[in-house]
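Q: Contents are TSV, C-alpha atoms; file name query_29.tsv:
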```tsv
chain	number	residue	atom	x	y	z
D	267	MET	CA	41.56	-31.04	-10.22
D	268	THR	CA	40.80	-30.05	-6.64
D	269	LYS	CA	39.91	-32.63	-3.98
D	270	LYS	CA	36.46	-31.15	-3.63
D	271	SER	CA	33.87	-32.36	-6.11
D	272	ASN	CA	32.65	-29.96	-8.74
D	273	THR	CA	29.17	-29.77	-10.16
D	274	ILE	CA	28.19	-28.73	-13.67
D	275	GLU	CA	24.49	-28.31	-14.32
D	276	ILE	CA	22.58	-27.84	-17.58
D	277	SER	CA	18.86	-27.37	-18.03
D	278	ILE	CA	17.44	-27.78	-21.52
D	279	GLY	CA	14.06	-27.73	-23.20
D	280	SER	CA	12.68	-30.99	-24.55
D	281	ALA	CA	14.13	-30.71	-28.04
D	282	LEU	CA	16.46	-33.22	-29.66
D	283	GLU	CA	18.51	-30.35	-31.10
D	284	TYR	CA	20.18	-30.02	-27.68
D	285	LEU	CA	21.62	-33.55	-27.72
D	286	ASP	CA	24.86	-32.53	-29.43
D	287	LEU	CA	25.35	-29.72	-26.94
D	288	VAL	CA	24.90	-32.01	-23.93
D	289	GLN	CA	27.20	-34.60	-25.44
D	290	THR	CA	29.85	-31.97	-26.11
D	291	VAL	CA	29.72	-30.93	-22.44
D	292	SER	CA	30.07	-34.58	-21.44
D	293	ASP	CA	33.07	-35.00	-23.75
D	294	CYS	CA	34.74	-31.90	-22.27
D	295	ILE	CA	34.21	-33.16	-18.72
D	296	THR	CA	35.45	-36.71	-19.38
D	297	GLY	CA	38.48	-35.31	-21.22
D	298	PHE	CA	39.20	-33.03	-18.29
D	299	MET	CA	38.89	-35.97	-15.89
D	300	GLY	CA	41.37	-38.06	-17.87
D	301	PHE	CA	39.13	-40.87	-19.07
D	302	ASP	CA	40.62	-42.62	-22.08
D	303	GLU	CA	39.06	-42.15	-25.50
D	304	ASP	CA	36.93	-45.30	-25.42
D	305	ALA	CA	35.57	-44.68	-21.93
D	306	ALA	CA	34.80	-41.06	-22.81
D	307	HIS	CA	32.95	-42.20	-25.93
D	308	TRP	CA	30.76	-44.67	-24.02
D	309	ILE	CA	30.06	-42.19	-21.23
D	310	GLY	CA	29.05	-39.61	-23.84
D	311	MET	CA	26.79	-42.13	-25.51
D	312	SER	CA	25.21	-43.10	-22.18
D	313	VAL	CA	24.52	-39.44	-21.39
D	314	ARG	CA	23.09	-38.91	-24.87
D	315	GLU	CA	20.85	-42.00	-24.56
D	316	SER	CA	19.53	-40.96	-21.16
D	317	VAL	CA	18.81	-37.39	-22.32
D	318	THR	CA	17.13	-38.78	-25.46
D	319	ASN	CA	14.91	-40.94	-23.24
D	320	ALA	CA	14.10	-37.98	-21.01
D	321	ILE	CA	13.15	-35.77	-23.97
D	322	GLN	CA	11.34	-38.35	-26.03
D	323	HIS	CA	9.78	-40.83	-23.60
D	324	GLY	CA	9.73	-38.79	-20.40
D	325	ASN	CA	8.71	-35.32	-21.51
D	326	LYS	CA	7.27	-36.55	-24.82
D	327	LEU	CA	8.92	-33.69	-26.70
D	328	ASP	CA	6.88	-31.11	-24.75
D	329	LEU	CA	8.93	-27.93	-25.16
D	330	ASN	CA	7.49	-26.57	-21.91
D	331	LYS	CA	9.10	-29.38	-19.93
D	332	LYS	CA	12.75	-29.29	-18.94
D	333	VAL	CA	15.45	-31.91	-18.75
D	334	ASP	CA	17.99	-31.28	-16.00
D	335	ILE	CA	21.46	-32.74	-16.39
D	336	ARG	CA	23.97	-32.61	-13.54
D	337	PHE	CA	27.57	-33.77	-13.70
D	338	GLU	CA	29.34	-34.29	-10.38
D	339	VAL	CA	33.07	-34.56	-10.84
D	340	SER	CA	35.39	-35.98	-8.20
D	341	LEU	CA	38.79	-37.60	-8.11
D	342	GLU	CA	37.23	-41.05	-7.89
D	343	GLN	CA	34.31	-40.97	-10.30
D	344	LEU	CA	31.87	-39.12	-12.48
D	345	ASP	CA	28.23	-39.04	-11.37
D	346	VAL	CA	25.66	-37.96	-13.95
D	347	TYR	CA	22.02	-37.27	-13.11
D	348	VAL	CA	19.38	-36.79	-15.81
D	349	GLY	CA	15.91	-35.79	-14.68
D	350	ASP	CA	12.73	-35.24	-16.67
D	351	GLN	CA	9.25	-33.92	-15.86
D	352	GLY	CA	7.29	-36.74	-17.46
D	353	GLY	CA	4.83	-39.28	-16.15
D	354	GLY	CA	7.47	-41.85	-15.18
D	355	PHE	CA	7.81	-45.44	-16.31
D	356	ASN	CA	8.24	-48.85	-14.78
D	357	PHE	CA	12.02	-49.11	-14.82
D	358	ASP	CA	11.97	-52.46	-13.01
D	359	ASP	CA	10.16	-54.16	-15.86
D	360	LEU	CA	12.04	-53.24	-19.02
D	361	PRO	CA	12.02	-55.90	-21.74
D	362	SER	CA	15.45	-57.31	-22.56
D	363	PRO	CA	16.61	-56.52	-26.09
D	364	LEU	CA	18.45	-59.85	-26.01
D	365	ASP	CA	15.27	-61.93	-25.82
D	366	PRO	CA	14.66	-63.63	-29.17
D	367	GLU	CA	11.26	-61.93	-29.56
D	368	ASN	CA	12.91	-58.50	-29.11
D	369	LEU	CA	16.07	-59.05	-31.12
D	370	LEU	CA	14.71	-57.48	-34.31
D	371	LYS	CA	12.75	-54.69	-32.68
D	372	PRO	CA	13.87	-51.23	-33.86
D	373	SER	CA	13.91	-49.75	-30.35
D	374	GLY	CA	14.49	-50.71	-26.71
D	375	ARG	CA	18.30	-50.84	-26.57
D	376	GLY	CA	19.16	-47.45	-25.06
D	377	ILE	CA	18.98	-48.36	-21.37
D	378	PHE	CA	20.65	-51.70	-22.07
D	379	TYR	CA	23.62	-49.84	-23.59
D	380	ILE	CA	23.75	-47.43	-20.65
D	381	ARG	CA	23.85	-50.34	-18.22
D	382	SER	CA	26.58	-52.01	-20.29
D	383	PHE	CA	28.90	-49.01	-20.30
D	384	MET	CA	28.41	-47.38	-16.90
D	385	ASP	CA	29.46	-48.84	-13.53
D	386	LEU	CA	26.19	-48.01	-11.79
D	387	VAL	CA	22.78	-47.07	-13.19
D	388	GLU	CA	19.77	-46.42	-10.99
D	389	PHE	CA	16.38	-44.84	-11.54
D	390	ARG	CA	14.10	-43.06	-9.13
D	391	GLN	CA	10.79	-41.28	-9.25
D	392	LEU	CA	11.13	-37.59	-8.45
D	393	ALA	CA	8.94	-36.16	-5.72
D	394	GLY	CA	7.42	-33.53	-8.00
D	395	GLY	CA	6.85	-36.02	-10.84
D	396	GLY	CA	9.24	-37.25	-13.46
D	397	THR	CA	12.08	-39.72	-13.43
D	398	GLU	CA	15.76	-39.32	-12.66
D	399	VAL	CA	18.51	-41.62	-13.83
D	400	HIS	CA	21.78	-41.61	-11.91
D	401	MET	CA	24.84	-43.01	-13.69
D	402	VAL	CA	28.31	-43.51	-12.28
D	403	LYS	CA	31.60	-44.13	-14.04
D	404	LYS	CA	34.59	-44.73	-11.82
D	405	ILE	CA	38.03	-43.53	-12.81
D	406	PRO	CA	40.33	-46.55	-13.22
D	407	SER	CA	42.77	-46.73	-10.32
D	408	ASN	CA	45.78	-46.14	-12.58
D	409	GLN	CA	44.27	-42.86	-13.82
D	410	GLY	CA	43.77	-39.60	-12.04
D	411	ASP	CA	46.91	-39.91	-9.88
G	270	MET	CA	25.01	-37.87	-42.01
G	271	LYS	CA	25.66	-38.30	-45.71
G	272	ILE	CA	24.86	-41.23	-47.97
G	273	GLU	CA	26.30	-41.74	-51.44
G	274	THR	CA	24.73	-44.55	-53.42
G	275	ARG	CA	26.56	-46.46	-56.14
G	276	THR	CA	25.94	-49.78	-57.86
G	277	VAL	CA	28.11	-52.74	-58.69
G	278	GLY	CA	26.01	-54.84	-61.07
G	279	ASP	CA	22.64	-55.17	-59.35
G	280	VAL	CA	24.09	-54.53	-55.89
G	281	TYR	CA	23.46	-51.14	-54.30
G	282	ILE	CA	26.25	-49.91	-52.07
G	283	LEU	CA	25.42	-47.09	-49.67
G	284	ASP	CA	28.55	-45.28	-48.53
G	285	CYS	CA	27.46	-43.76	-45.22
G	286	SER	CA	29.47	-41.09	-43.43
G	287	GLY	CA	29.02	-38.95	-40.34
G	288	LYS	CA	26.57	-39.66	-37.54
G	289	ILE	CA	23.68	-42.12	-37.55
G	290	THR	CA	21.62	-40.76	-34.70
G	291	LEU	CA	17.98	-40.22	-33.90
G	292	GLY	CA	16.34	-37.98	-36.47
G	293	GLU	CA	18.23	-36.89	-39.53
G	294	GLY	CA	20.68	-39.79	-39.70
G	295	THR	CA	18.16	-42.56	-39.20
G	296	MET	CA	15.72	-40.97	-41.65
G	297	ALA	CA	18.42	-40.70	-44.32
G	298	ILE	CA	19.04	-44.46	-44.22
G	299	ARG	CA	15.33	-45.28	-44.09
G	300	ASN	CA	14.50	-43.07	-47.07
G	301	THR	CA	17.43	-44.28	-49.17
G	302	VAL	CA	16.64	-47.96	-48.55
G	303	ARG	CA	12.95	-47.32	-49.26
G	304	ASP	CA	13.78	-45.63	-52.58
G	305	ILE	CA	16.02	-48.52	-53.64
G	306	LEU	CA	13.29	-51.04	-52.84
G	307	LYS	CA	10.77	-48.94	-54.79
G	308	SER	CA	13.03	-48.94	-57.82
G	309	GLY	CA	13.31	-52.73	-57.67
G	310	GLY	CA	16.67	-53.12	-55.94
G	311	ARG	CA	16.90	-56.10	-53.60
G	312	LYS	CA	20.63	-56.37	-52.87
G	313	ILE	CA	21.89	-53.68	-50.54
G	314	ILE	CA	25.19	-53.15	-48.74
G	315	LEU	CA	25.60	-50.50	-46.05
G	316	ASN	CA	29.23	-49.38	-46.00
G	317	LEU	CA	29.74	-47.96	-42.50
G	318	ALA	CA	33.49	-47.28	-42.71
G	319	ASP	CA	33.12	-43.52	-42.31
G	320	VAL	CA	30.37	-43.52	-39.69
G	321	ASN	CA	32.03	-41.80	-36.76
G	322	TYR	CA	29.11	-42.03	-34.35
G	323	ILE	CA	25.99	-44.12	-33.91
G	324	ASP	CA	23.43	-44.24	-31.10
G	325	SER	CA	20.81	-46.83	-30.15
G	326	SER	CA	18.37	-45.30	-32.63
G	327	GLY	CA	20.97	-45.72	-35.35
G	328	ILE	CA	21.44	-49.37	-34.41
G	329	GLY	CA	17.64	-49.68	-34.41
G	330	GLU	CA	17.52	-48.22	-37.91
G	331	LEU	CA	20.02	-50.82	-39.15
G	332	VAL	CA	17.72	-53.51	-37.73
G	333	SER	CA	14.64	-51.86	-39.18
G	334	SER	CA	16.21	-51.58	-42.64
G	335	PHE	CA	17.31	-55.20	-42.43
G	336	THR	CA	13.78	-56.43	-41.67
G	337	THR	CA	12.19	-54.15	-44.29
G	338	VAL	CA	14.52	-55.42	-47.01
G	339	THR	CA	14.19	-59.04	-45.87
G	340	ASN	CA	10.39	-58.81	-45.81
G	341	GLN	CA	10.47	-57.67	-49.43
G	342	GLY	CA	12.55	-60.62	-50.52
G	343	GLY	CA	15.86	-58.79	-50.53
G	344	LYS	CA	19.10	-58.93	-48.58
G	345	LEU	CA	20.88	-56.19	-46.65
G	346	LYS	CA	24.46	-56.70	-45.54
G	347	LEU	CA	26.94	-54.60	-43.60
G	348	LEU	CA	30.42	-53.64	-44.75
G	349	ASN	CA	33.38	-52.17	-42.84
G	350	LEU	CA	32.07	-51.92	-39.30
G	351	THR	CA	33.99	-49.58	-37.05
G	352	LYS	CA	35.20	-51.05	-33.76
G	353	LYS	CA	32.50	-49.21	-31.85
G	354	ILE	CA	29.63	-50.25	-34.12
G	355	GLN	CA	30.89	-53.82	-33.92
G	356	GLU	CA	30.84	-53.64	-30.12
G	357	LEU	CA	27.31	-52.22	-30.05
G	358	LEU	CA	26.07	-54.97	-32.37
G	359	GLN	CA	27.91	-57.65	-30.44
G	360	ILE	CA	26.56	-56.86	-26.98
G	361	THR	CA	23.00	-56.81	-28.31
G	362	LYS	CA	23.53	-60.12	-30.16
G	363	LEU	CA	22.94	-58.45	-33.52
G	364	LEU	CA	26.17	-59.75	-35.03
G	365	THR	CA	24.31	-63.07	-35.23
G	366	VAL	CA	21.62	-61.39	-37.35
G	367	PHE	CA	23.62	-59.42	-39.90
G	368	SER	CA	26.00	-60.68	-42.55
G	369	VAL	CA	29.12	-58.59	-42.00
G	370	TYR	CA	32.06	-58.11	-44.35
G	371	ASP	CA	35.29	-56.16	-44.30
G	372	ASP	CA	36.01	-56.64	-48.00
G	373	GLU	CA	33.75	-55.00	-50.57
G	374	ARG	CA	34.35	-57.53	-53.32
G	375	ALA	CA	33.53	-60.40	-50.97
G	376	ALA	CA	30.38	-58.60	-49.85
G	377	VAL	CA	29.23	-58.04	-53.45
G	378	ALA	CA	30.03	-61.63	-54.41
G	379	SER	CA	28.06	-62.98	-51.44
G	380	PHE	CA	24.62	-62.25	-52.93
```
Have the structure of the file written as structure tokens, please.
A:
Amino acid sequence: MTKKSNTIEISIGSALEYLDLVQTVSDCITGFMGFDEDAAHWIGMSVRESVTNAIQHGNKLDLNKKVDIRFEVSLEQLDVYVGDQGGGFNFDDLPSPLDPENLLKPSGRGIFYIRSFMDLVEFRQLAGGGTEVHMVKKIPSNQGD
Amino acid sequence: MKIETRTVGDVYILDCSGKITLGEGTMAIRNTVRDILKSGGRKIILNLADVNYIDSSGIGELVSSFTTVTNQGGKLKLLNLTKKIQELLQITKLLTVFSVYDDERAAVASF
């Protein structure tokens, strides 16, 4: 891998059929970067969950709206950005799936899992509308030498 | 996602394999559990040994099936969790909700 960071970008329509494709790209990138099998699995799941949210909750399965996924690869870490063209949501006020009243709810765990498995997760409203999630996974210091 | 259903006495064992993800996988479990309840079955075991991938919707479907079966007076238990499913259930405190077994005979005998 070169010292300079590399960027891989994918733009998909809002259809769940693309989830496997995006996850396969993620798996290729994390394999290339040398993440171990467990870390690669959880990164792939985090990417899949964030793209699912963008398609389903952000763009509400509107095929005319795109989801943009950008992987930025460097020697130190992987940055993943997932942006949708939806109406946005209040990401500061998400109910915790661990609260007793939410424990048996069928949904509401995706972002919790992303936050559990990635080193940094932040959301922002995009200027033209929509929401972007930025996730970071650092390469352990004993890897990537 | 593939489900093969077999019975041991009055216990239904669902051997699940493949991916339990949003859409096809979650619907397969939902429909199979619904059909068992319709036919009068109330003791269900989900054998997850060969599930190689699950997402948050899949975990949600396990919870949903559990509450559906419980609300109809039945019991749904989990058998042979993979390490990754176990971790996903653990960090969302769901291991405290489900009865989990790694031995089929013990799971069947537990009803």
Q: Looking at all atoms listed in the file, which of G:Ile282, G:Val377, G:Leu358, G:Ala297 is the one that sits closest to chain D?
A: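 Going through G:Ile282, G:Val377, G:Leu358, G:Ala297 one by one, the smallest distance to chain D is for G:Leu358.
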Q: In the coordinates of the file, take the point (34.7, -36.1, -18.2) and a cut-off of 12 Å; then, counting only C-alpha atoms, name each qualifying protein, DNA or RNA residue as number ranges by chain.
A: D: 267, 272-274, 289-310, 313, 337-346, 402-405, 410
Q: Hey, list the chain D side of the contact with chain G: 12 Å cut-off, only C-alpha atoms, answer as a count of residues only.
A: 44
Q: Atom CA of Lys288 of chain G and atom CA of Ile272 of chain G are how many Å apart?
A: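 A separation of 10.7 Å between them.
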Q: Report the distance between atom CA of Thr274 of chain G and atom CA of Ser379 of chain G in Å, rounded to one decimal place.
A: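 Computed distance, atom CA of Thr274 of chain G to atom CA of Ser379 of chain G, equals 18.8 Å.
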Q: I'd like the interatomic distance between atom CA of Phe367 of chain G and atom CA of Gly310 of chain G, to a tenth of an Å.
A: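 Calculated distance between atom CA of Phe367 of chain G and atom CA of Gly310 of chain G is 18.6 Å.
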Q: Need the shell around Phe389 of chain D: protein/DNA/RNA residues with any atom at most 7 Å away, counting all atoms listed in the file. Skip same-chain ones fewer than 5 positions apart. Format as number ranges by chain?
A: D: 357, 397-400
Q: Using only C-alpha atoms, which of the listed residues (D:Met401, D:Val288, D:Leu327, D:Ala320) sits closest to Glu388 of chain D?
A: D:Met401
Q: Env of Leu350 of chain G: 6 Å cut, atoms = only C-alpha atoms, seq-sep filter 4 positions within chain, self excluded. Answer as a list of chain:residue names.
A: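 What passes the distance filter is G:Leu317, G:Ala318, G:Ile354, G:Gln355.
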Q: Need to verify the contact set: Lys271 of chain G, 7 Å, only C-alpha atoms, exclusion of same-chain residues closer than 4 positions in sequence. Can you return it as a compact mmCIF listing (two decimals) with C-alpha atoms, keeping the file's coordinate frame?
A:
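Generated output (result-v2.txt):
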```
# COMPACT_ATOMS: atom_id res chain seq x y z
CA CYS G 285 27.46 -43.76 -45.22
CA SER G 286 29.47 -41.09 -43.43
CA GLY G 287 29.02 -38.95 -40.34
```
Q: So, with all atoms listed in the file as the atoms that count, which of D:Gly395, D:Ser407, D:Tyr284, D:Tyr347 lies closest to Asn325 of chain D?
A: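 Looking only at the distances to Asn325 of chain D, the closest residue turns out to be D:Gly395.
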Q: Using only C-alpha atoms, which of the listed residues (D:Asp350, D:Asp385, D:Glu367, D:Asp358) sits closest to Ile335 of chain D?
A: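 Comparing D:Asp350, D:Asp385, D:Glu367, D:Asp358 against Ile335 of chain D, the winner is D:Asp350.
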Q: Write out as a PDB file with C-alpha atoms, in the frame of the given file which residues come within 10 Å of Ala375 of chain G when counting all atoms listed in the file, dropping same-chain ones fewer than 5 positions away.
A:
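Saved result, selection_27.pdb, follows:
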```pdb
ATOM      1  CA  LEU G 348      30.420 -53.640 -44.750  1.00  0.00           C
ATOM      2  CA  TYR G 370      32.060 -58.110 -44.350  1.00  0.00           C
ATOM      3  CA  PHE G 380      24.620 -62.250 -52.930  1.00  0.00           C
TER       4      PHE G 380
END
```
